[in-house]
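Q: Take a look at structure-v1.tsv, TSV, C-alpha atoms and all ligand atoms:
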```tsv
chain	number	residue	atom	x	y	z
X	1	MET	CA	-34.26	0.34	29.34
X	2	THR	CA	-32.67	1.35	26.06
X	3	GLU	CA	-30.16	-1.08	24.68
X	4	VAL	CA	-26.68	0.36	24.12
X	5	SER	CA	-24.99	-1.19	21.10
X	6	ALA	CA	-21.35	-2.19	21.36
X	7	PRO	CA	-18.92	0.30	19.79
X	8	GLU	CA	-18.00	-0.57	16.23
X	9	LYS	CA	-14.85	-2.65	16.24
X	10	PRO	CA	-12.69	-2.62	13.10
X	11	ALA	CA	-11.95	-5.98	11.51
X	12	TYR	CA	-8.17	-5.45	11.80
X	13	LYS	CA	-5.94	-3.79	14.37
X	14	ARG	CA	-2.90	-3.14	12.15
X	15	VAL	CA	-2.81	-3.06	8.35
X	16	LEU	CA	-0.55	-1.95	5.53
X	17	LEU	CA	-2.01	0.07	2.66
X	18	LYS	CA	-0.14	-0.32	-0.64
X	19	ILE	CA	-0.89	2.09	-3.45
X	20	SER	CA	0.92	2.61	-6.70
X	21	GLY	CA	2.52	5.92	-7.51
X	22	GLU	CA	0.04	6.26	-10.36
X	23	ALA	CA	-2.79	6.51	-7.83
X	24	LEU	CA	-1.42	9.94	-6.89
X	25	MET	CA	-1.28	11.45	-10.38
X	26	GLY	CA	-5.03	11.93	-10.93
X	27	ASP	CA	-5.85	12.45	-14.62
X	28	GLN	CA	-2.56	14.25	-15.31
X	29	GLY	CA	-0.73	11.18	-16.63
X	30	PHE	CA	2.41	12.05	-14.67
X	31	GLY	CA	3.61	13.28	-11.28
X	32	LEU	CA	1.63	14.36	-8.27
X	33	HIS	CA	-1.90	15.76	-8.28
X	34	PRO	CA	-2.27	17.39	-4.84
X	35	PRO	CA	-6.12	17.15	-4.67
X	36	THR	CA	-5.85	13.40	-5.39
X	37	VAL	CA	-3.20	12.99	-2.69
X	38	GLN	CA	-5.49	14.86	-0.29
X	39	ARG	CA	-8.47	12.67	-1.21
X	40	ILE	CA	-6.49	9.51	-0.44
X	41	ALA	CA	-5.22	11.08	2.80
X	42	ASN	CA	-8.86	11.59	3.80
X	43	GLU	CA	-9.56	7.89	3.20
X	44	VAL	CA	-6.56	6.99	5.37
X	45	LYS	CA	-7.68	9.38	8.10
X	46	SER	CA	-11.13	7.78	8.27
X	47	VAL	CA	-9.51	4.39	8.95
X	48	HIS	CA	-7.07	5.96	11.42
X	49	ASP	CA	-10.08	7.44	13.23
X	50	LEU	CA	-11.36	3.89	13.80
X	51	GLY	CA	-8.22	3.25	15.87
X	52	VAL	CA	-6.51	1.07	13.25
X	53	GLU	CA	-2.71	1.23	13.14
X	54	ILE	CA	-1.66	2.05	9.59
X	55	CYS	CA	1.49	1.41	7.58
X	56	MET	CA	1.71	2.71	4.02
X	57	VAL	CA	3.88	1.91	1.03
X	58	ILE	CA	3.51	4.10	-2.05
X	59	GLY	CA	5.10	3.22	-5.38
X	60	GLY	CA	6.98	5.61	-7.62
X	61	GLY	CA	5.61	4.81	-11.08
X	62	ASN	CA	4.03	8.26	-11.45
X	63	ILE	CA	7.55	9.71	-11.50
X	64	PHE	CA	10.09	7.09	-12.50
X	65	ARG	CA	10.35	3.33	-12.97
X	66	GLY	CA	13.72	1.60	-13.13
X	67	LEU	CA	12.65	-0.75	-15.93
X	68	GLN	CA	11.59	2.15	-18.14
X	69	GLY	CA	14.89	3.92	-17.53
X	70	SER	CA	16.90	0.81	-18.36
X	71	ALA	CA	14.82	0.22	-21.52
X	72	GLN	CA	15.97	3.67	-22.60
X	73	GLY	CA	19.62	2.78	-22.11
X	74	MET	CA	20.17	3.75	-18.50
X	75	GLU	CA	22.16	1.45	-16.26
X	76	ARG	CA	19.57	-0.69	-14.43
X	77	THR	CA	20.65	-0.29	-10.83
X	78	THR	CA	21.03	3.48	-11.20
X	79	ALA	CA	17.56	3.63	-12.74
X	80	ASP	CA	16.19	1.58	-9.84
X	81	TYR	CA	17.72	3.94	-7.29
X	82	MET	CA	16.00	6.78	-9.14
X	83	GLY	CA	12.73	4.85	-8.84
X	84	MET	CA	13.32	4.46	-5.11
X	85	LEU	CA	13.94	8.20	-4.76
X	86	ALA	CA	10.62	8.80	-6.54
X	87	THR	CA	8.85	6.82	-3.81
X	88	VAL	CA	10.37	9.16	-1.19
X	89	MET	CA	8.84	12.17	-2.96
X	90	ASN	CA	5.44	10.48	-2.96
X	91	ALA	CA	5.79	9.54	0.71
X	92	LEU	CA	6.57	13.17	1.61
X	93	ALA	CA	3.54	14.37	-0.34
X	94	MET	CA	1.33	11.91	1.56
X	95	GLN	CA	2.90	12.94	4.86
X	96	SER	CA	2.11	16.56	4.16
X	97	ALA	CA	-1.51	15.74	3.21
X	98	LEU	CA	-2.08	13.57	6.29
X	99	GLU	CA	-0.54	16.06	8.68
X	100	SER	CA	-2.74	18.83	7.25
X	101	LEU	CA	-5.63	16.68	8.54
X	102	GLY	CA	-4.06	16.36	11.99
X	103	VAL	CA	-2.83	12.77	11.53
X	104	TYR	CA	0.70	12.31	12.86
X	105	THR	CA	3.01	10.45	10.52
X	106	ARG	CA	6.58	9.34	10.01
X	107	VAL	CA	8.27	8.82	6.66
X	108	ILE	CA	10.71	5.96	7.11
X	109	SER	CA	13.20	5.33	4.35
X	110	ALA	CA	15.04	2.12	3.51
X	111	ILE	CA	17.86	4.37	2.25
X	112	PRO	CA	19.03	6.72	5.01
X	113	MET	CA	18.55	10.42	4.22
X	114	ASP	CA	18.58	11.98	7.65
X	115	GLN	CA	17.69	15.53	6.70
X	116	VAL	CA	14.53	14.37	4.96
X	117	CYS	CA	13.07	11.46	6.93
X	118	GLU	CA	13.86	8.69	9.41
X	119	PRO	CA	16.00	5.68	8.55
X	120	TYR	CA	14.26	2.31	8.84
X	121	ILE	CA	14.71	0.82	12.30
X	122	ARG	CA	12.11	-1.87	12.86
X	123	ARG	CA	11.62	-1.43	16.60
X	124	ARG	CA	11.31	2.31	16.25
X	125	ALA	CA	8.69	1.92	13.53
X	126	VAL	CA	6.68	-0.48	15.72
X	127	ARG	CA	6.75	2.11	18.50
X	128	HIS	CA	5.42	4.77	16.12
X	129	LEU	CA	2.52	2.49	15.23
X	130	GLU	CA	1.75	1.88	18.89
X	131	LYS	CA	1.61	5.65	19.32
X	132	LYS	CA	-0.91	5.78	16.45
X	133	ARG	CA	1.43	7.48	13.99
X	134	VAL	CA	0.96	6.46	10.38
X	135	CYS	CA	4.25	4.98	9.14
X	136	ILE	CA	4.92	5.67	5.46
X	137	PHE	CA	7.69	3.36	4.31
X	138	ALA	CA	9.71	4.87	1.48
X	139	ALA	CA	12.54	3.86	-0.87
X	140	GLY	CA	11.14	0.36	-1.34
X	141	THR	CA	13.33	-2.38	0.07
X	142	GLY	CA	16.43	-0.24	-0.52
X	143	ASN	CA	17.61	-2.72	-3.16
X	144	PRO	CA	17.49	-2.53	-6.94
X	145	TYR	CA	15.65	-5.24	-8.90
X	146	PHE	CA	12.73	-5.16	-6.44
X	147	THR	CA	9.39	-3.39	-6.54
X	148	THR	CA	7.32	-1.58	-3.97
X	149	ASP	CA	4.89	-4.54	-3.97
X	150	THR	CA	7.66	-6.67	-2.49
X	151	ALA	CA	8.61	-3.82	-0.14
X	152	ALA	CA	4.99	-3.68	1.03
X	153	THR	CA	4.89	-7.41	1.75
X	154	LEU	CA	8.24	-7.27	3.52
X	155	ARG	CA	7.26	-4.34	5.74
X	156	ALA	CA	3.81	-5.80	6.45
X	157	ASN	CA	5.49	-8.97	7.71
X	158	GLU	CA	8.08	-7.09	9.75
X	159	MET	CA	5.44	-4.85	11.32
X	160	ALA	CA	3.16	-7.84	12.06
X	161	CYS	CA	0.31	-6.38	10.02
X	162	GLU	CA	-2.77	-8.58	9.79
X	163	ALA	CA	-3.34	-7.82	6.11
X	164	ILE	CA	-2.12	-5.84	3.13
X	165	PHE	CA	-4.74	-3.59	1.57
X	166	LYS	CA	-3.93	-3.08	-2.08
X	167	GLY	CA	-5.81	-0.04	-3.33
X	168	THR	CA	-6.48	-0.14	-7.08
X	169	LYS	CA	-8.81	1.37	-9.67
X	170	VAL	CA	-11.21	-1.58	-9.48
X	171	ASP	CA	-13.00	-3.30	-6.61
X	172	GLY	CA	-11.03	-6.54	-6.63
X	173	VAL	CA	-9.32	-9.17	-8.74
X	174	TYR	CA	-11.02	-10.12	-12.01
X	175	ASP	CA	-10.42	-13.08	-14.32
X	176	LYS	CA	-9.65	-10.57	-17.10
X	177	ASP	CA	-9.25	-6.82	-17.36
X	178	PRO	CA	-12.69	-5.36	-16.51
X	179	ALA	CA	-11.80	-2.13	-18.34
X	180	LYS	CA	-11.53	-4.11	-21.59
X	181	HIS	CA	-14.01	-6.97	-21.09
X	182	ASP	CA	-17.67	-6.52	-20.09
X	183	ASP	CA	-17.92	-10.17	-19.07
X	184	ALA	CA	-14.98	-10.04	-16.64
X	185	VAL	CA	-15.83	-11.80	-13.37
X	186	ARG	CA	-14.61	-10.65	-9.96
X	187	TYR	CA	-13.37	-13.18	-7.43
X	188	ASP	CA	-14.55	-12.82	-3.83
X	189	ASP	CA	-11.74	-15.09	-2.71
X	190	ILE	CA	-8.75	-16.50	-4.47
X	191	THR	CA	-5.65	-18.39	-3.35
X	192	TYR	CA	-2.10	-17.14	-3.73
X	193	ASP	CA	-1.35	-20.12	-5.97
X	194	ASP	CA	-4.26	-19.34	-8.30
X	195	VAL	CA	-3.07	-15.74	-8.60
X	196	LEU	CA	0.36	-17.01	-9.61
X	197	ILE	CA	-0.83	-19.79	-11.93
X	198	LYS	CA	-3.41	-17.60	-13.69
X	199	ASN	CA	-0.90	-14.73	-13.79
X	200	LEU	CA	-3.51	-12.31	-12.40
X	201	GLN	CA	-2.14	-8.81	-11.98
X	202	VAL	CA	-2.58	-8.40	-8.22
X	203	MET	CA	1.01	-7.77	-7.17
X	204	ASP	CA	4.23	-9.01	-8.68
X	205	ALA	CA	5.07	-12.69	-8.27
X	206	SER	CA	7.77	-12.27	-5.63
X	207	ALA	CA	5.41	-10.21	-3.46
X	208	ILE	CA	2.65	-12.85	-3.77
X	209	ALA	CA	5.10	-15.63	-2.90
X	210	LEU	CA	6.34	-13.73	0.15
X	211	ALA	CA	2.76	-13.16	1.32
X	212	ARG	CA	1.92	-16.84	0.72
X	213	ASP	CA	4.96	-18.08	2.64
X	214	ASN	CA	3.94	-15.98	5.64
X	215	ASP	CA	0.15	-16.41	5.39
X	216	LEU	CA	-0.43	-12.70	4.98
X	217	PRO	CA	-3.84	-11.96	3.42
X	218	ILE	CA	-4.04	-9.40	0.60
X	219	ILE	CA	-7.28	-7.43	0.28
X	220	VAL	CA	-7.69	-5.89	-3.17
X	221	PHE	CA	-10.19	-3.03	-3.23
X	222	SER	CA	-11.05	0.16	-5.10
X	223	LEU	CA	-9.37	3.30	-3.88
X	224	ASP	CA	-11.64	5.32	-6.18
X	225	GLU	CA	-14.72	4.33	-4.16
X	226	PRO	CA	-15.27	7.05	-1.52
X	227	GLY	CA	-15.26	5.48	1.94
X	228	GLY	CA	-14.23	2.11	0.46
X	229	PHE	CA	-11.14	1.57	2.60
X	230	CYS	CA	-12.96	2.44	5.81
X	231	GLY	CA	-16.00	0.36	4.76
X	232	ILE	CA	-13.96	-2.82	4.44
X	233	LEU	CA	-12.48	-2.30	7.90
X	234	ARG	CA	-16.09	-2.15	9.13
X	235	GLY	CA	-16.92	-5.38	7.31
X	236	GLU	CA	-18.75	-3.79	4.34
X	237	GLY	CA	-18.17	-3.31	0.60
X	238	THR	CA	-16.80	-5.40	-2.23
X	239	TYR	CA	-13.23	-6.60	-2.51
X	240	THR	CA	-11.20	-9.70	-3.25
X	241	SER	CA	-9.39	-11.53	-0.50
X	242	VAL	CA	-6.22	-13.35	-1.55
X	243	HIS	CA	-5.23	-15.99	0.98
X	244	GLY	CA	-3.92	-19.51	1.45
E	1	LIG	N1	12.40	0.06	-6.73
E	1	LIG	C1	13.53	-0.68	-6.46
E	1	LIG	N2	13.57	-1.44	-5.33
E	1	LIG	C2	12.53	-1.53	-4.47
E	1	LIG	C3	11.36	-0.80	-4.77
E	1	LIG	C4	11.30	-0.01	-5.89
E	1	LIG	O1	14.48	-0.64	-7.22
E	1	LIG	O2	12.63	-2.24	-3.45
E	1	LIG	C5	12.38	0.97	-7.89
E	1	LIG	C6	12.10	0.27	-9.20
E	1	LIG	O3	12.87	0.87	-10.20
E	1	LIG	C7	10.62	0.60	-9.43
E	1	LIG	C8	10.51	1.99	-8.86
E	1	LIG	O4	11.37	1.96	-7.72
E	1	LIG	O5	10.29	0.60	-10.79
E	1	LIG	C9	9.13	2.42	-8.46
E	1	LIG	O6	8.48	1.41	-7.75
E	1	LIG	P1	7.23	0.59	-8.36
E	1	LIG	O7	7.48	0.29	-9.80
E	1	LIG	O8	6.99	-0.57	-7.47
E	1	LIG	O9	6.09	1.66	-8.23
E	1	LIG	P2	4.52	1.50	-8.57
E	1	LIG	O10	4.39	0.69	-9.82
E	1	LIG	O11	3.88	0.80	-7.40
E	1	LIG	O12	4.06	2.93	-8.70
```
Would you encode the structure as structure tokens?
A:
Amino acid sequence: MTEVSAPEKPAYKRVLLKISGEALMGDQGFGLHPPTVQRIANEVKSVHDLGVEICMVIGGGNIFRGLQGSAQGMERTTADYMGMLATVMNALAMQSALESLGVYTRVISAIPMDQVCEPYIRRRAVRHLEKKRVCIFAAGTGNPYFTTDTAATLRANEMACEAIFKGTKVDGVYDKDPAKHDDAVRYDDITYDDVLIKNLQVMDASAIALARDNDLPIIVFSLDEPGGFCGILRGEGTYTSVHG
């Protein structure tokens, strides 16, 4: 009798993928690069196809950052609202790319803009996830002086995600910048406290502290590696796990 192997079971049931706005700009140096958005949408689809429930938070740094605006003389809170609006544009671009692949999505904004997307209502968002719609959370936390890293940690907690996946250009957290130092060493595992003490650039400090206080693991992996996101869900590939 031939042995039938058990169907592959993903390591997590519900996750949040955080990517920076810059991940969407390709080599352009600014704005949105549609083929790059489509490539990332393909990565998300392959995880969605495993049956994993997916939340996403996308930054806005490819379009506008509040700190940059305020450094140039703009009033800080106004500049931050502009940054939040930039994240809505990125979320809509990702929605369009995912839906072109047949993946149902909802863009859910912390700042209500009814003609464009849904307002954030936690219970409604949970229902979308249960119905296997990808929830793209936009406009950060809705408050100035925060970042989308903190928004990602907040939403991951509220949605009861089992982990945050932080997609970056490199395959984990290194002791120094691997783009500048050949002898940089990657951590397989690191604690939240070590990330904070060593000032490693994983996410900003308030996001790390919020993850630590709620025991939410952060998986740092390379978004440039084709199939990397899906591979980790299957228990393969290289990444760094940040935990307690
Ligand atoms: N922002 C904000 N509150 C939030 C999230 C974001 O004011 O809760 C603004 C802030 O100005 C930030 C900009 O939106 O600079 C874009 O977000 P972020 O810098 O986190 O984007 P990323 O670096 O991930 O692309």
Q: Residues at most 7 Å from ligand LIG 1 (chain E), using all atoms listed in the file? Could they come as a PyMOL selection string?
A: chain X and resi 19-22+58-62+64-67+79-84+86-87+139-151
Q: Go ahead and save the picked residues with C-alpha atoms, as a CSV table (one decimal), in the frame of the given file.
A:
```csv
chain,number,residue,atom,x,y,z
X,19,ILE,CA,-0.9,2.1,-3.4
X,20,SER,CA,0.9,2.6,-6.7
X,21,GLY,CA,2.5,5.9,-7.5
X,22,GLU,CA,0.0,6.3,-10.4
X,58,ILE,CA,3.5,4.1,-2.0
X,59,GLY,CA,5.1,3.2,-5.4
X,60,GLY,CA,7.0,5.6,-7.6
X,61,GLY,CA,5.6,4.8,-11.1
X,62,ASN,CA,4.0,8.3,-11.4
X,64,PHE,CA,10.1,7.1,-12.5
X,65,ARG,CA,10.4,3.3,-13.0
X,66,GLY,CA,13.7,1.6,-13.1
X,67,LEU,CA,12.6,-0.8,-15.9
X,79,ALA,CA,17.6,3.6,-12.7
X,80,ASP,CA,16.2,1.6,-9.8
X,81,TYR,CA,17.7,3.9,-7.3
X,82,MET,CA,16.0,6.8,-9.1
X,83,GLY,CA,12.7,4.8,-8.8
X,84,MET,CA,13.3,4.5,-5.1
X,86,ALA,CA,10.6,8.8,-6.5
X,87,THR,CA,8.8,6.8,-3.8
X,139,ALA,CA,12.5,3.9,-0.9
X,140,GLY,CA,11.1,0.4,-1.3
X,141,THR,CA,13.3,-2.4,0.1
X,142,GLY,CA,16.4,-0.2,-0.5
X,143,ASN,CA,17.6,-2.7,-3.2
X,144,PRO,CA,17.5,-2.5,-6.9
X,145,TYR,CA,15.6,-5.2,-8.9
X,146,PHE,CA,12.7,-5.2,-6.4
X,147,THR,CA,9.4,-3.4,-6.5
X,148,THR,CA,7.3,-1.6,-4.0
X,149,ASP,CA,4.9,-4.5,-4.0
X,150,THR,CA,7.7,-6.7,-2.5
X,151,ALA,CA,8.6,-3.8,-0.1
```
Q: List the spatial neighbours of Ile54 in chain X as a list in words - criterion: any atom at most 9 Å away, only C-alpha atoms, same-chain residues fewer than 3 positions off excluded.
A: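 Non-adjacent residues within range: Lys13, Arg14, Val15, Leu16, Leu17, Val44, Val47, His48, Leu129, Lys132, Arg133, Val134, Cys135, Ile136 and Cys161 of chain X.
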Q: Which value, in Å to one decimal, gives the distance between CA of Cys230 in chain X and CA of Gln201 in chain X?
A: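 Straight-line distance from CA of Cys230 in chain X to CA of Gln201 in chain X works out to 23.7 Å.
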Q: Provide the CA of Ala160 in chain X to CA of Val107 in chain X distance in Å, to one decimal place.
A: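 Computed distance, CA of Ala160 in chain X to CA of Val107 in chain X, equals 18.2 Å.
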Q: Applying 12 Å and only C-alpha atoms, which residues near Leu101 in chain X remain after dropping the ones on its own chain fewer than 2 positions away? List them as number ranges by chain.
A: X: 38-46, 48-49, 94-99, 103-105
Q: Any chance you could export the current selection's C-alpha atoms as a compact mmCIF listing (two decimals), keeping the file's coordinate frame?
A:
```
# COMPACT_ATOMS: atom_id res chain seq x y z
CA GLN X 38 -5.49 14.86 -0.29
CA ARG X 39 -8.47 12.67 -1.21
CA ILE X 40 -6.49 9.51 -0.44
CA ALA X 41 -5.22 11.08 2.80
CA ASN X 42 -8.86 11.59 3.80
CA GLU X 43 -9.56 7.89 3.20
CA VAL X 44 -6.56 6.99 5.37
CA LYS X 45 -7.68 9.38 8.10
CA SER X 46 -11.13 7.78 8.27
CA HIS X 48 -7.07 5.96 11.42
CA ASP X 49 -10.08 7.44 13.23
CA MET X 94 1.33 11.91 1.56
CA GLN X 95 2.90 12.94 4.86
CA SER X 96 2.11 16.56 4.16
CA ALA X 97 -1.51 15.74 3.21
CA LEU X 98 -2.08 13.57 6.29
CA GLU X 99 -0.54 16.06 8.68
CA VAL X 103 -2.83 12.77 11.53
CA TYR X 104 0.70 12.31 12.86
CA THR X 105 3.01 10.45 10.52
```
Q: Nearest residue to Leu210 in chain X out of X:Arg186, X:Arg234, X:Lys169, X:Arg155, using all atoms listed in the file?
A: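 The answer is X:Arg155, which sits nearest to Leu210 in chain X.
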Q: Just give me the gap between CA of Val242 in chain X and CA of Ile218 in chain X in Å, one decimal is fine.
A: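 The value is 5.0 Å.
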Q: Determine, counting all atoms listed in the file, which protein, DNA and RNA residues have an atom within 7 Å of an atom of Gly26 in chain X; residues of the same chain fewer than 3 positions away are not included. Present the result as number ranges by chain.
A: X: 23, 33, 36
Q: Using only C-alpha atoms, which residue out of X:Lys198, X:Leu92, X:Val126, X:Lys131 lies closest to Gly51 in chain X?
A: X:Lys131
Q: Excluding same-chain residues fewer than 2 positions from Asp213 in chain X, what lies within 12 Å of it counting only C-alpha atoms, as a ChimeraX atom specification?
A: /X:153-154,157,192-193,206-211,215-217,243-244
Q: Of the candidates X:Ala152, X:Gly235, X:Leu85, X:Asp189, which shows the shortest atom-to-atom distance to Gly172 in chain X, using all atoms listed in the file?
A: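 Nearest to Gly172 in chain X: X:Asp189.
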Q: Would you kindly return, as a VMD selection string, each protein, DNA or RNA residue with an atom no farther than 10 Å from any atom of Tyr239 in chain X, considering all atoms listed in the file and excluding same-chain residues fewer than 5 positions away?
A: chain X and resid 165 to 167 170 to 173 186 to 189 219 to 222 228 to 229 232
Q: How big is the axis-aligned box around all listed atoms of range 143-157 of chain X once 4 Å goes on each side, and where's its centre, in Å to one decimal, as lines of an AutoDock Vina configuration file?
A:
```
center_x = 10.7
center_y = -5.3
center_z = -0.6
size_x = 21.8
size_y = 15.4
size_z = 24.6
```
Q: Pick out the closest residue to Ser109 in chain X from this set: X:Gly73, X:Leu196, X:Asp175, X:Val57. Count all atoms listed in the file.
A: X:Val57
Q: Could you tell me which of X:Met159, X:Val195, X:Ala93, X:Cys117 comes closest to Pro34 in chain X if we count only C-alpha atoms?
A: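 Ranked by minimum distance to Pro34 in chain X, first place goes to X:Ala93.
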